[in-house]
Amino acid sequence: MPNVTEVTVRYAETDCMGVVHHAVYPVWYEIARTDYIKAAGMSYAQMEKEGIMLPVTGITCQYRLPAKYDDVLEITVKIARLTPARIEFEYAVTRKGETDILATGTSSHGFVDSENFRPLNFKKAMPEFYALMERHAQADINS
């Protein structure tokens, strides 16, 4: 089940033309991803306390239409792929109340041990939360 996060474009996020700078979109993706995980039942902070981190292993962004200062945007995020070792999210950015997609993107992450940054099996480390994320992933893939 995709999650939607709302952001309002701040002046500092725009260039001299009043258009959102391309480097801002991955920051918004992170905000949306954090909200998604929290809505699924656990915060990033709690995952880190449990000894699991999700470093970014790849990110993409395709820009279609410009976002501008003071636009209210919706960043929709869903799980595109989940394995015990990796997770990939998909993002779509629209203006609130509109259907035109301004940007799309993905972010890939590996599950690692926070003490040594070695890959770990998320399914074994947190079986209940993995099962919950797996259910979310199935709902996302079918949506």
# chains A, B, ... in the order shown; residues from 1 in each chain; ligands from 1
$ residues_around --residues "Val56 of chain A" --least-positions-apart "2" --cutoff "8 Å" --atoms "only C-alpha atoms" --output "PyMOL selection string"
chain A and resi 54+58-59+107-110
$ write_last_selection --atoms "N, CA, C and O atoms" --output "mmCIF file, in the first residue's frame"
data_model
loop_
_atom_site.group_PDB
_atom_site.id
_atom_site.type_symbol
_atom_site.label_atom_id
_atom_site.label_comp_id
_atom_site.auth_asym_id
_atom_site.auth_seq_id
_atom_site.Cartn_x
_atom_site.Cartn_y
_atom_site.Cartn_z
ATOM 1 N N LEU A 54 20.124 1.010 6.743
ATOM 2 C CA LEU A 54 19.749 0.863 5.336
ATOM 3 C C LEU A 54 20.543 1.839 4.459
ATOM 4 O O LEU A 54 19.967 2.802 3.935
ATOM 5 N N GLY A 58 21.968 2.784 -4.444
ATOM 6 C CA GLY A 58 21.707 3.364 -5.755
ATOM 7 C C GLY A 58 20.494 4.268 -5.699
ATOM 8 O O GLY A 58 19.606 4.079 -4.862
ATOM 9 N N ILE A 59 20.493 5.261 -6.580
ATOM 10 C CA ILE A 59 19.348 6.181 -6.627
ATOM 11 C C ILE A 59 19.184 6.664 -8.060
ATOM 12 O O ILE A 59 20.172 6.855 -8.777
ATOM 13 N N SER A 107 15.139 4.252 -5.128
ATOM 14 C CA SER A 107 16.312 4.156 -4.259
ATOM 15 C C SER A 107 16.455 2.704 -3.841
ATOM 16 O O SER A 107 15.474 2.042 -3.530
ATOM 17 N N SER A 108 17.695 2.215 -3.890
ATOM 18 C CA SER A 108 18.019 0.846 -3.496
ATOM 19 C C SER A 108 18.838 0.902 -2.222
ATOM 20 O O SER A 108 19.679 1.790 -2.061
ATOM 21 N N HIS A 109 18.600 -0.064 -1.335
ATOM 22 C CA HIS A 109 19.263 -0.094 -0.031
ATOM 23 C C HIS A 109 19.620 -1.523 0.323
ATOM 24 O O HIS A 109 18.900 -2.457 -0.021
ATOM 25 N N GLY A 110 20.707 -1.662 1.064
ATOM 26 C CA GLY A 110 21.067 -2.954 1.620
ATOM 27 C C GLY A 110 20.831 -2.940 3.115
ATOM 28 O O GLY A 110 20.961 -1.900 3.759
#
$ residues_around --residues "Asp100 of chain A" --least-positions-apart "4" --cutoff "12 Å" --atoms "only C-alpha atoms" --output "list in words"
Tyr63, Arg64, Leu65, Pro66, Ala67, Leu73, Glu74, Ala92, Val93, Thr94, Arg95, Lys96 and Thr104 of chain A
$ write_last_selection --atoms "N, CA and C atoms" --output "PDB file, in the first residue's frame"
ATOM      1  N   TYR A  63      13.255  13.622 -14.306  1.00  0.00           N
ATOM      2  CA  TYR A  63      12.544  14.886 -14.157  1.00  0.00           C
ATOM      3  C   TYR A  63      11.656  15.092 -15.370  1.00  0.00           C
ATOM      4  N   ARG A  64      10.378  15.366 -15.143  1.00  0.00           N
ATOM      5  CA  ARG A  64       9.428  15.530 -16.239  1.00  0.00           C
ATOM      6  C   ARG A  64       8.904  16.955 -16.347  1.00  0.00           C
ATOM      7  N   LEU A  65       8.456  17.496 -15.217  1.00  0.00           N
ATOM      8  CA  LEU A  65       7.907  18.853 -15.179  1.00  0.00           C
ATOM      9  C   LEU A  65       8.489  19.578 -13.972  1.00  0.00           C
ATOM     10  N   PRO A  66       8.665  20.891 -14.059  1.00  0.00           N
ATOM     11  CA  PRO A  66       9.271  21.602 -12.929  1.00  0.00           C
ATOM     12  C   PRO A  66       8.301  21.807 -11.764  1.00  0.00           C
ATOM     13  N   ALA A  67       8.844  21.680 -10.568  1.00  0.00           N
ATOM     14  CA  ALA A  67       8.139  22.112  -9.356  1.00  0.00           C
ATOM     15  C   ALA A  67       8.684  23.489  -9.026  1.00  0.00           C
ATOM     16  N   LEU A  73       3.435  19.637  -2.775  1.00  0.00           N
ATOM     17  CA  LEU A  73       3.694  18.409  -3.527  1.00  0.00           C
ATOM     18  C   LEU A  73       3.331  17.182  -2.710  1.00  0.00           C
ATOM     19  N   GLU A  74       3.032  16.117  -3.427  1.00  0.00           N
ATOM     20  CA  GLU A  74       2.816  14.823  -2.806  1.00  0.00           C
ATOM     21  C   GLU A  74       3.852  13.856  -3.367  1.00  0.00           C
ATOM     22  N   ALA A  92       7.031   8.808  -6.846  1.00  0.00           N
ATOM     23  CA  ALA A  92       6.403   9.664  -7.847  1.00  0.00           C
ATOM     24  C   ALA A  92       6.036  10.976  -7.164  1.00  0.00           C
ATOM     25  N   VAL A  93       6.366  12.084  -7.817  1.00  0.00           N
ATOM     26  CA  VAL A  93       6.093  13.411  -7.264  1.00  0.00           C
ATOM     27  C   VAL A  93       5.034  14.089  -8.128  1.00  0.00           C
ATOM     28  N   THR A  94       3.980  14.582  -7.476  1.00  0.00           N
ATOM     29  CA  THR A  94       2.918  15.335  -8.153  1.00  0.00           C
ATOM     30  C   THR A  94       2.595  16.572  -7.327  1.00  0.00           C
ATOM     31  N   ARG A  95       1.956  17.551  -7.972  1.00  0.00           N
ATOM     32  CA  ARG A  95       1.390  18.657  -7.207  1.00  0.00           C
ATOM     33  C   ARG A  95       0.112  18.149  -6.549  1.00  0.00           C
ATOM     34  N   LYS A  96      -0.133  18.596  -5.339  1.00  0.00           N
ATOM     35  CA  LYS A  96      -1.331  18.157  -4.621  1.00  0.00           C
ATOM     36  C   LYS A  96      -2.574  18.485  -5.445  1.00  0.00           C
ATOM     37  N   THR A 104       9.915  11.037 -11.166  1.00  0.00           N
ATOM     38  CA  THR A 104       9.861   9.675 -10.647  1.00  0.00           C
ATOM     39  C   THR A 104      11.274   9.273 -10.264  1.00  0.00           C
TER      40      THR A 104
END
$ residues_around --residues "Asn121 of chain A" --least-positions-apart "4" --cutoff "10 Å" --atoms "only C-alpha atoms" --output "list in words"
Ile52, Thr83, Pro84, Ala85, Arg86, Gly110, Phe111, Val112, Asp113, Ala125, Met126, Pro127 and Tyr130 of chain A
$ select_by_dssp --residues "chain A" --states "alpha helix (DSSP H)" --output "PyMOL selection string"
chain A and resi 24-40+44-49+122-125+127-142
$ residues_around --residues "Val24 of chain A" --least-positions-apart "4" --cutoff "9 Å" --atoms "only C-alpha atoms" --output "list in words"
Glu13, Thr14, Val20, Trp28 and Tyr29 of chain A
$ closest_residue --among "A:Ile101, A:Val19, A:Leu82, A:Met1" --to "Glu134 of chain A" --atoms "only C-alpha atoms"
A:Leu82
$ atom_distance --atom1 "atom CA of Gln62 of chain A" --atom2 "atom CA of Gly18 of chain A"
19.1 Å
$ atom_distance --atom1 "atom CA of Tyr25 of chain A" --atom2 "atom CA of Thr76 of chain A"
12.3 Å
$ atom_distance --atom1 "atom CA of Lys68 of chain A" --atom2 "atom CA of Thr34 of chain A"
23.5 Å
$ residues_around --residues "Met47 of chain A" --least-positions-apart "3" --cutoff "10 Å" --atoms "only C-alpha atoms" --output "list of chain:residue names"
A:Ile37, A:Met42, A:Ser43, A:Tyr44, A:Glu50, A:Gly51, A:Ile52, A:Met53, A:Leu54, A:Ser114, A:Met126, A:Phe129
$ residues_around --residues "Val77 of chain A" --least-positions-apart "5" --cutoff "8 Å" --atoms "only C-alpha atoms" --output "number ranges by chain"
A: 2-4, 29, 32-33, 36, 89-92
$ select_by_dssp --residues "segment 6-133 of chain A" --states "strand (DSSP E or B)" --output "PyMOL selection string"
chain A and resi 6-8+14+19-20+52-53+56-63+68+72-82+86-95+101-110+112-113+119
$ decode --residues "segment 25-109 of chain A" --atoms "C-alpha atoms" --output "PDB file, in the first residue's frame"
ATOM      1  CA  TYR A  25      14.341  15.346  -5.033  1.00  0.00           C
ATOM      2  CA  PRO A  26      16.471  12.638  -3.342  1.00  0.00           C
ATOM      3  CA  VAL A  27      16.043  14.529  -0.050  1.00  0.00           C
ATOM      4  CA  TRP A  28      12.271  14.425  -0.532  1.00  0.00           C
ATOM      5  CA  TYR A  29      12.530  10.717  -1.377  1.00  0.00           C
ATOM      6  CA  GLU A  30      14.263  10.172   1.954  1.00  0.00           C
ATOM      7  CA  ILE A  31      11.511  12.033   3.802  1.00  0.00           C
ATOM      8  CA  ALA A  32       8.849   9.941   2.042  1.00  0.00           C
ATOM      9  CA  ARG A  33      10.743   6.683   2.657  1.00  0.00           C
ATOM     10  CA  THR A  34      11.104   7.493   6.363  1.00  0.00           C
ATOM     11  CA  ASP A  35       7.369   8.234   6.583  1.00  0.00           C
ATOM     12  CA  TYR A  36       6.602   4.973   4.750  1.00  0.00           C
ATOM     13  CA  ILE A  37       8.616   2.873   7.202  1.00  0.00           C
ATOM     14  CA  LYS A  38       7.020   4.670  10.149  1.00  0.00           C
ATOM     15  CA  ALA A  39       3.533   4.101   8.702  1.00  0.00           C
ATOM     16  CA  ALA A  40       4.429   0.415   8.290  1.00  0.00           C
ATOM     17  CA  GLY A  41       5.034   0.154  12.014  1.00  0.00           C
ATOM     18  CA  MET A  42       8.637   1.065  12.877  1.00  0.00           C
ATOM     19  CA  SER A  43      10.792   4.175  12.673  1.00  0.00           C
ATOM     20  CA  TYR A  44      14.253   4.371  11.153  1.00  0.00           C
ATOM     21  CA  ALA A  45      15.522   5.332  14.603  1.00  0.00           C
ATOM     22  CA  GLN A  46      14.058   2.143  16.084  1.00  0.00           C
ATOM     23  CA  MET A  47      15.608   0.038  13.319  1.00  0.00           C
ATOM     24  CA  GLU A  48      18.984   1.603  14.088  1.00  0.00           C
ATOM     25  CA  LYS A  49      18.511   0.905  17.818  1.00  0.00           C
ATOM     26  CA  GLU A  50      17.842  -2.704  16.839  1.00  0.00           C
ATOM     27  CA  GLY A  51      21.208  -2.709  15.008  1.00  0.00           C
ATOM     28  CA  ILE A  52      20.004  -2.443  11.404  1.00  0.00           C
ATOM     29  CA  MET A  53      20.858   0.315   8.936  1.00  0.00           C
ATOM     30  CA  LEU A  54      19.749   0.863   5.336  1.00  0.00           C
ATOM     31  CA  PRO A  55      22.560   2.543   3.388  1.00  0.00           C
ATOM     32  CA  VAL A  56      21.694   3.735  -0.110  1.00  0.00           C
ATOM     33  CA  THR A  57      23.280   1.570  -2.799  1.00  0.00           C
ATOM     34  CA  GLY A  58      21.707   3.364  -5.755  1.00  0.00           C
ATOM     35  CA  ILE A  59      19.348   6.181  -6.627  1.00  0.00           C
ATOM     36  CA  THR A  60      17.641   7.366  -9.797  1.00  0.00           C
ATOM     37  CA  CYS A  61      15.539  10.397 -10.657  1.00  0.00           C
ATOM     38  CA  GLN A  62      13.761  11.306 -13.859  1.00  0.00           C
ATOM     39  CA  TYR A  63      12.544  14.886 -14.157  1.00  0.00           C
ATOM     40  CA  ARG A  64       9.428  15.530 -16.239  1.00  0.00           C
ATOM     41  CA  LEU A  65       7.907  18.853 -15.179  1.00  0.00           C
ATOM     42  CA  PRO A  66       9.271  21.602 -12.929  1.00  0.00           C
ATOM     43  CA  ALA A  67       8.139  22.112  -9.356  1.00  0.00           C
ATOM     44  CA  LYS A  68       8.258  25.717  -8.176  1.00  0.00           C
ATOM     45  CA  TYR A  69       8.470  27.753  -5.015  1.00  0.00           C
ATOM     46  CA  ASP A  70       5.469  27.307  -2.686  1.00  0.00           C
ATOM     47  CA  ASP A  71       4.015  24.349  -4.627  1.00  0.00           C
ATOM     48  CA  VAL A  72       2.423  21.779  -2.344  1.00  0.00           C
ATOM     49  CA  LEU A  73       3.694  18.409  -3.527  1.00  0.00           C
ATOM     50  CA  GLU A  74       2.816  14.823  -2.806  1.00  0.00           C
ATOM     51  CA  ILE A  75       5.578  12.229  -2.859  1.00  0.00           C
ATOM     52  CA  THR A  76       4.117   8.756  -3.260  1.00  0.00           C
ATOM     53  CA  VAL A  77       6.412   5.911  -2.259  1.00  0.00           C
ATOM     54  CA  LYS A  78       6.042   2.165  -2.456  1.00  0.00           C
ATOM     55  CA  ILE A  79       8.223  -0.903  -2.245  1.00  0.00           C
ATOM     56  CA  ALA A  80       9.291  -2.124  -5.666  1.00  0.00           C
ATOM     57  CA  ARG A  81      11.354  -5.085  -4.449  1.00  0.00           C
ATOM     58  CA  LEU A  82      12.128  -6.722  -1.113  1.00  0.00           C
ATOM     59  CA  THR A  83      14.535  -9.548  -0.297  1.00  0.00           C
ATOM     60  CA  PRO A  84      16.118 -10.497   3.029  1.00  0.00           C
ATOM     61  CA  ALA A  85      19.248  -8.570   1.962  1.00  0.00           C
ATOM     62  CA  ARG A  86      17.902  -5.600  -0.044  1.00  0.00           C
ATOM     63  CA  ILE A  87      14.956  -3.257  -0.519  1.00  0.00           C
ATOM     64  CA  GLU A  88      14.073  -0.942  -3.393  1.00  0.00           C
ATOM     65  CA  PHE A  89      11.561   1.904  -3.258  1.00  0.00           C
ATOM     66  CA  GLU A  90       9.796   3.733  -6.108  1.00  0.00           C
ATOM     67  CA  TYR A  91       8.742   7.386  -5.912  1.00  0.00           C
ATOM     68  CA  ALA A  92       6.403   9.664  -7.847  1.00  0.00           C
ATOM     69  CA  VAL A  93       6.093  13.411  -7.264  1.00  0.00           C
ATOM     70  CA  THR A  94       2.918  15.335  -8.153  1.00  0.00           C
ATOM     71  CA  ARG A  95       1.390  18.657  -7.207  1.00  0.00           C
ATOM     72  CA  LYS A  96      -1.331  18.157  -4.621  1.00  0.00           C
ATOM     73  CA  GLY A  97      -4.677  17.683  -6.316  1.00  0.00           C
ATOM     74  CA  GLU A  98      -3.139  17.101  -9.760  1.00  0.00           C
ATOM     75  CA  THR A  99      -2.265  13.954 -11.680  1.00  0.00           C
ATOM     76  CA  ASP A 100       0.669  15.131 -13.820  1.00  0.00           C
ATOM     77  CA  ILE A 101       3.848  13.466 -12.599  1.00  0.00           C
ATOM     78  CA  LEU A 102       6.684  15.937 -12.022  1.00  0.00           C
ATOM     79  CA  ALA A 103       9.379  13.376 -11.249  1.00  0.00           C
ATOM     80  CA  THR A 104       9.861   9.675 -10.647  1.00  0.00           C
ATOM     81  CA  GLY A 105      12.690   7.807  -9.041  1.00  0.00           C
ATOM     82  CA  THR A 106      13.997   4.820  -7.161  1.00  0.00           C
ATOM     83  CA  SER A 107      16.312   4.156  -4.259  1.00  0.00           C
ATOM     84  CA  SER A 108      18.019   0.846  -3.496  1.00  0.00           C
ATOM     85  CA  HIS A 109      19.263  -0.094  -0.031  1.00  0.00           C
TER      86      HIS A 109
END
